[in-house]
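Data block for protein_5.txt (compact mmCIF, N, CA and C atoms):
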```
# COMPACT_ATOMS: atom_id res chain seq x y z
N MET T 25 47.85 251.00 -65.47
CA MET T 25 47.12 251.10 -66.71
C MET T 25 46.30 249.82 -66.89
N ARG T 26 45.09 250.00 -67.37
CA ARG T 26 44.22 248.87 -67.71
C ARG T 26 43.68 249.09 -69.12
N VAL T 27 43.34 248.02 -69.79
CA VAL T 27 42.90 248.11 -71.18
C VAL T 27 41.78 247.12 -71.44
N TRP T 28 40.88 247.50 -72.34
CA TRP T 28 39.82 246.60 -72.79
C TRP T 28 39.53 246.87 -74.25
N ILE T 29 38.85 245.93 -74.88
CA ILE T 29 38.50 246.04 -76.30
C ILE T 29 36.98 245.95 -76.42
N ASP T 30 36.43 246.85 -77.22
CA ASP T 30 35.01 246.78 -77.57
C ASP T 30 34.92 245.87 -78.80
N GLN T 31 34.53 244.63 -78.59
CA GLN T 31 34.50 243.66 -79.68
C GLN T 31 33.52 244.05 -80.78
N ASP T 32 32.52 244.86 -80.50
CA ASP T 32 31.58 245.31 -81.54
C ASP T 32 32.28 246.20 -82.57
N LEU T 33 33.37 246.84 -82.17
CA LEU T 33 34.10 247.73 -83.07
C LEU T 33 35.31 247.05 -83.72
N CYS T 34 35.73 245.91 -83.19
CA CYS T 34 36.94 245.24 -83.67
C CYS T 34 36.76 244.77 -85.11
N THR T 35 37.74 245.10 -85.95
CA THR T 35 37.72 244.70 -87.36
C THR T 35 38.48 243.40 -87.60
N GLY T 36 39.15 242.88 -86.58
CA GLY T 36 39.87 241.62 -86.70
C GLY T 36 41.16 241.69 -87.49
N ASP T 37 41.71 242.89 -87.67
CA ASP T 37 42.95 243.04 -88.43
C ASP T 37 44.17 242.45 -87.72
N GLY T 38 44.14 242.38 -86.40
CA GLY T 38 45.24 241.80 -85.65
C GLY T 38 46.44 242.71 -85.45
N LEU T 39 46.30 244.00 -85.77
CA LEU T 39 47.42 244.91 -85.58
C LEU T 39 47.81 245.02 -84.11
N CYS T 40 46.85 244.90 -83.22
CA CYS T 40 47.15 244.98 -81.79
C CYS T 40 48.09 243.84 -81.38
N LEU T 41 47.91 242.67 -81.96
CA LEU T 41 48.78 241.54 -81.66
C LEU T 41 50.19 241.81 -82.16
N ASP T 42 50.31 242.48 -83.30
CA ASP T 42 51.63 242.83 -83.81
C ASP T 42 52.36 243.76 -82.84
N HIS T 43 51.62 244.67 -82.23
CA HIS T 43 52.23 245.64 -81.31
C HIS T 43 52.51 245.05 -79.94
N CYS T 44 51.61 244.23 -79.44
CA CYS T 44 51.76 243.74 -78.06
C CYS T 44 51.09 242.38 -77.87
N PRO T 45 51.76 241.30 -78.29
CA PRO T 45 51.17 239.97 -78.16
C PRO T 45 51.03 239.49 -76.72
N ASP T 46 51.68 240.16 -75.78
CA ASP T 46 51.53 239.79 -74.37
C ASP T 46 50.20 240.24 -73.79
N VAL T 47 49.57 241.24 -74.41
CA VAL T 47 48.33 241.81 -73.87
C VAL T 47 47.13 241.52 -74.77
N PHE T 48 47.34 241.33 -76.05
CA PHE T 48 46.23 241.11 -76.98
C PHE T 48 46.30 239.73 -77.60
N VAL T 49 45.14 239.11 -77.77
CA VAL T 49 45.03 237.80 -78.42
C VAL T 49 43.86 237.83 -79.38
N GLN T 50 43.91 236.95 -80.36
CA GLN T 50 42.79 236.83 -81.30
C GLN T 50 42.24 235.41 -81.15
N LEU T 51 40.97 235.31 -80.85
CA LEU T 51 40.35 234.00 -80.64
C LEU T 51 39.77 233.45 -81.94
N GLU T 52 39.18 232.28 -81.86
CA GLU T 52 38.65 231.58 -83.03
C GLU T 52 37.63 232.40 -83.80
N ASP T 53 36.96 233.33 -83.11
CA ASP T 53 35.96 234.15 -83.79
C ASP T 53 36.57 235.25 -84.65
N GLY T 54 37.92 235.36 -84.63
CA GLY T 54 38.61 236.36 -85.45
C GLY T 54 38.67 237.73 -84.82
N ILE T 55 38.16 237.86 -83.60
CA ILE T 55 38.10 239.14 -82.91
C ILE T 55 39.19 239.19 -81.84
N ALA T 56 39.71 240.38 -81.60
CA ALA T 56 40.77 240.56 -80.61
C ALA T 56 40.18 240.70 -79.21
N TYR T 57 40.92 240.19 -78.24
CA TYR T 57 40.58 240.27 -76.83
C TYR T 57 41.84 240.64 -76.06
N VAL T 58 41.67 241.13 -74.86
CA VAL T 58 42.82 241.38 -74.00
C VAL T 58 43.12 240.10 -73.22
N ALA T 59 44.38 239.99 -72.80
CA ALA T 59 44.79 238.84 -72.00
C ALA T 59 45.52 239.35 -70.77
N GLU T 60 45.40 238.57 -69.71
CA GLU T 60 46.10 238.91 -68.48
C GLU T 60 46.73 237.62 -67.96
N ALA T 61 48.02 237.67 -67.69
CA ALA T 61 48.76 236.49 -67.23
C ALA T 61 48.60 235.33 -68.21
N GLY T 62 48.56 235.64 -69.51
CA GLY T 62 48.47 234.62 -70.54
C GLY T 62 47.09 234.08 -70.83
N SER T 63 46.08 234.52 -70.09
CA SER T 63 44.72 234.03 -70.30
C SER T 63 43.83 235.11 -70.90
N PRO T 64 43.13 234.80 -71.99
CA PRO T 64 42.23 235.79 -72.58
C PRO T 64 41.06 236.10 -71.66
N LEU T 65 40.72 237.37 -71.61
CA LEU T 65 39.54 237.81 -70.86
C LEU T 65 38.46 238.04 -71.90
N ASN T 66 37.51 237.16 -71.97
CA ASN T 66 36.54 237.23 -73.07
C ASN T 66 35.12 237.48 -72.60
N ASP T 67 34.98 238.49 -71.76
CA ASP T 67 33.66 238.98 -71.38
C ASP T 67 33.48 240.29 -72.15
N PRO T 68 33.09 240.21 -73.43
CA PRO T 68 33.12 241.40 -74.29
C PRO T 68 32.45 242.62 -73.67
N GLY T 69 33.22 243.67 -73.57
CA GLY T 69 32.71 244.95 -73.09
C GLY T 69 32.39 244.99 -71.62
N GLY T 70 32.55 243.88 -70.92
CA GLY T 70 32.23 243.85 -69.50
C GLY T 70 33.43 244.08 -68.63
N SER T 71 33.20 244.22 -67.33
CA SER T 71 34.29 244.49 -66.41
C SER T 71 35.26 243.31 -66.35
N GLY T 72 34.80 242.15 -66.73
CA GLY T 72 35.68 240.98 -66.77
C GLY T 72 36.68 241.02 -67.90
N SER T 73 36.54 241.98 -68.79
CA SER T 73 37.47 242.07 -69.92
C SER T 73 38.43 243.24 -69.76
N LEU T 74 38.60 243.73 -68.56
CA LEU T 74 39.52 244.85 -68.27
C LEU T 74 40.82 244.26 -67.74
N ALA T 75 41.89 244.33 -68.54
CA ALA T 75 43.16 243.71 -68.18
C ALA T 75 44.14 244.73 -67.61
N VAL T 76 44.84 244.32 -66.58
CA VAL T 76 45.92 245.14 -66.04
C VAL T 76 47.12 244.96 -66.96
N VAL T 77 47.73 246.08 -67.37
CA VAL T 77 48.86 246.05 -68.30
C VAL T 77 50.17 246.14 -67.50
N PRO T 78 51.08 245.19 -67.72
CA PRO T 78 52.39 245.31 -67.07
C PRO T 78 53.09 246.58 -67.55
N GLU T 79 53.82 247.21 -66.66
CA GLU T 79 54.45 248.49 -66.99
C GLU T 79 55.34 248.39 -68.23
N ARG T 80 55.97 247.26 -68.41
CA ARG T 80 56.87 247.09 -69.57
C ARG T 80 56.11 247.17 -70.90
N ASP T 81 54.77 246.96 -70.86
CA ASP T 81 53.97 246.95 -72.09
C ASP T 81 53.18 248.24 -72.32
N TYR T 82 53.33 249.24 -71.46
CA TYR T 82 52.54 250.47 -71.59
C TYR T 82 52.66 251.07 -72.99
N ARG T 83 53.89 251.29 -73.45
CA ARG T 83 54.10 251.95 -74.75
C ARG T 83 53.50 251.12 -75.88
N ALA T 84 53.68 249.81 -75.84
CA ALA T 84 53.17 248.94 -76.90
C ALA T 84 51.64 248.96 -76.95
N VAL T 85 50.99 249.01 -75.78
CA VAL T 85 49.53 249.06 -75.73
C VAL T 85 49.03 250.39 -76.30
N ILE T 86 49.70 251.47 -75.96
CA ILE T 86 49.33 252.79 -76.51
C ILE T 86 49.50 252.79 -78.03
N ASP T 87 50.62 252.24 -78.50
CA ASP T 87 50.86 252.16 -79.94
C ASP T 87 49.78 251.33 -80.63
N ALA T 88 49.37 250.23 -80.00
CA ALA T 88 48.32 249.38 -80.56
C ALA T 88 47.01 250.14 -80.67
N ALA T 89 46.67 250.89 -79.62
CA ALA T 89 45.42 251.67 -79.63
C ALA T 89 45.45 252.73 -80.73
N GLU T 90 46.59 253.36 -80.91
CA GLU T 90 46.71 254.39 -81.94
C GLU T 90 46.64 253.81 -83.34
N ALA T 91 47.15 252.58 -83.53
CA ALA T 91 47.18 251.95 -84.85
C ALA T 91 45.89 251.23 -85.20
N CYS T 92 45.04 250.98 -84.24
CA CYS T 92 43.84 250.18 -84.44
C CYS T 92 42.87 250.84 -85.43
N PRO T 93 42.57 250.17 -86.57
CA PRO T 93 41.65 250.77 -87.54
C PRO T 93 40.21 250.82 -87.03
N GLY T 94 39.85 249.94 -86.10
CA GLY T 94 38.49 249.93 -85.56
C GLY T 94 38.30 250.86 -84.38
N GLU T 95 39.41 251.46 -83.91
CA GLU T 95 39.37 252.35 -82.74
C GLU T 95 38.61 251.69 -81.59
N CYS T 96 38.93 250.41 -81.34
CA CYS T 96 38.18 249.65 -80.34
C CYS T 96 38.95 249.39 -79.05
N ILE T 97 40.19 249.86 -78.96
CA ILE T 97 41.01 249.63 -77.78
C ILE T 97 40.89 250.83 -76.85
N PHE T 98 40.49 250.56 -75.63
CA PHE T 98 40.27 251.63 -74.65
C PHE T 98 41.22 251.44 -73.47
N ILE T 99 41.90 252.53 -73.12
CA ILE T 99 42.91 252.50 -72.05
C ILE T 99 42.42 253.34 -70.89
N GLU T 100 42.58 252.79 -69.69
CA GLU T 100 42.27 253.52 -68.47
C GLU T 100 43.56 253.70 -67.69
N ILE T 101 43.84 254.92 -67.32
CA ILE T 101 45.03 255.21 -66.53
C ILE T 101 44.60 255.42 -65.08
N SER T 102 45.25 254.71 -64.18
CA SER T 102 44.92 254.89 -62.76
C SER T 102 45.50 256.22 -62.29
N PRO T 103 44.89 256.84 -61.27
CA PRO T 103 45.40 258.12 -60.77
C PRO T 103 46.87 258.07 -60.37
N ALA T 104 47.33 256.97 -59.80
CA ALA T 104 48.74 256.87 -59.40
C ALA T 104 49.64 256.93 -60.62
N ASN T 105 49.25 256.25 -61.71
CA ASN T 105 50.04 256.27 -62.94
C ASN T 105 50.01 257.63 -63.60
N ALA T 106 48.89 258.31 -63.56
CA ALA T 106 48.76 259.63 -64.16
C ALA T 106 49.66 260.62 -63.43
N ALA T 107 49.74 260.51 -62.11
CA ALA T 107 50.58 261.42 -61.33
C ALA T 107 52.05 261.18 -61.62
N SER T 108 52.46 259.91 -61.77
CA SER T 108 53.87 259.63 -62.03
C SER T 108 54.25 259.97 -63.47
N ALA T 109 53.29 259.99 -64.39
CA ALA T 109 53.57 260.32 -65.78
C ALA T 109 53.69 261.83 -65.97
N ALA T 110 53.14 262.62 -65.06
CA ALA T 110 53.17 264.07 -65.20
C ALA T 110 54.51 264.67 -64.88
```
Translate this file's structure into structure tokens.
Amino acid sequence: MRVWIDQDLCTGDGLCLDHCPDVFVQLEDGIAYVAEAGSPLNDPGGSGSLAVVPERDYRAVIDAAEACPGECIFIEISPANAASAA
């Protein structure tokens, strides 16, 4: 699973951080970004902002996306993960 945030849609509520602080961070601009290995990926909307999600955080990332008022969290499921989830 990989995840990214469309910063143009982010409302800065920080709910994603409440759900999964290992994957989401809020920077000085008040907008949420994804993080990988503890480092924020801040290439808004670009391929550089696509974070690989550790398996232990899958449910929390999905919950964050569902709770997001800005609907700005986008999840990509790899074919291998989709097959194992079926």
What's the 10 Å shell around Asp81 (chain T), counting only C-alpha atoms, without same-chain residues fewer than 5 positions away, as a PyMOL selection string?
-> chain T and resi 25+43-47+86-87
In terms of the shortest atom-to-atom distance over only C-alpha atoms, which of T:Phe48, T:Tyr57, T:Trp28, T:Tyr82 is closest to Ile99 (chain T)?
->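 For Ile99 (chain T), the nearest of the candidates is T:Trp28.
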In Å, how far is it from atom C of Cys40 (chain T) to atom C of Ser102 (chain T)?
->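 It comes out at 22.9 Å.
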Pick the closest to Cys92 (chain T) from T:Gln31, T:Gln50, T:Val58, T:Gly38: which is it, counting all atoms listed in the file?
-> T:Gly38
Considering only C-alpha atoms, return as a ChimeraX atom specification whatever protein or nucleic-acid residues lie within 10 Å of Glu95 (chain T), sequence-local ones (same chain, fewer than 4 positions apart) excluded.
-> /T:29-30,33-35,88-91
Distance criterion (only C-alpha atoms): nearest to Pro78 (chain T) out of T:Leu41, T:Pro103, T:Ala59, T:Pro93 |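 The shortest atom-to-atom distance to Pro78 (chain T) comes from T:Ala59.
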Which parts of region 30-100 of chain T does DSSP call strand (DSSP E) when run on the backbone here, written out as a list in words?
-> Phe48, Val49, Gln50, Ala56, Tyr57, Val58, Ala59, Glu60, Ser63, Pro64, Leu65, Ala75, Val76, Ile97, Phe98, Ile99 and Glu100 of chain T
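Coordinates place CA of Glu52 (chain T) at a distance of 27.9 Å from atom C of Glu79 (chain T).
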Could you pull out all residues of chain T with a DSSP call of helix (DSSP H, G or I) and give them as a ChimeraX atom specification?
-> /T:39-43,71-73,79-91,103-109
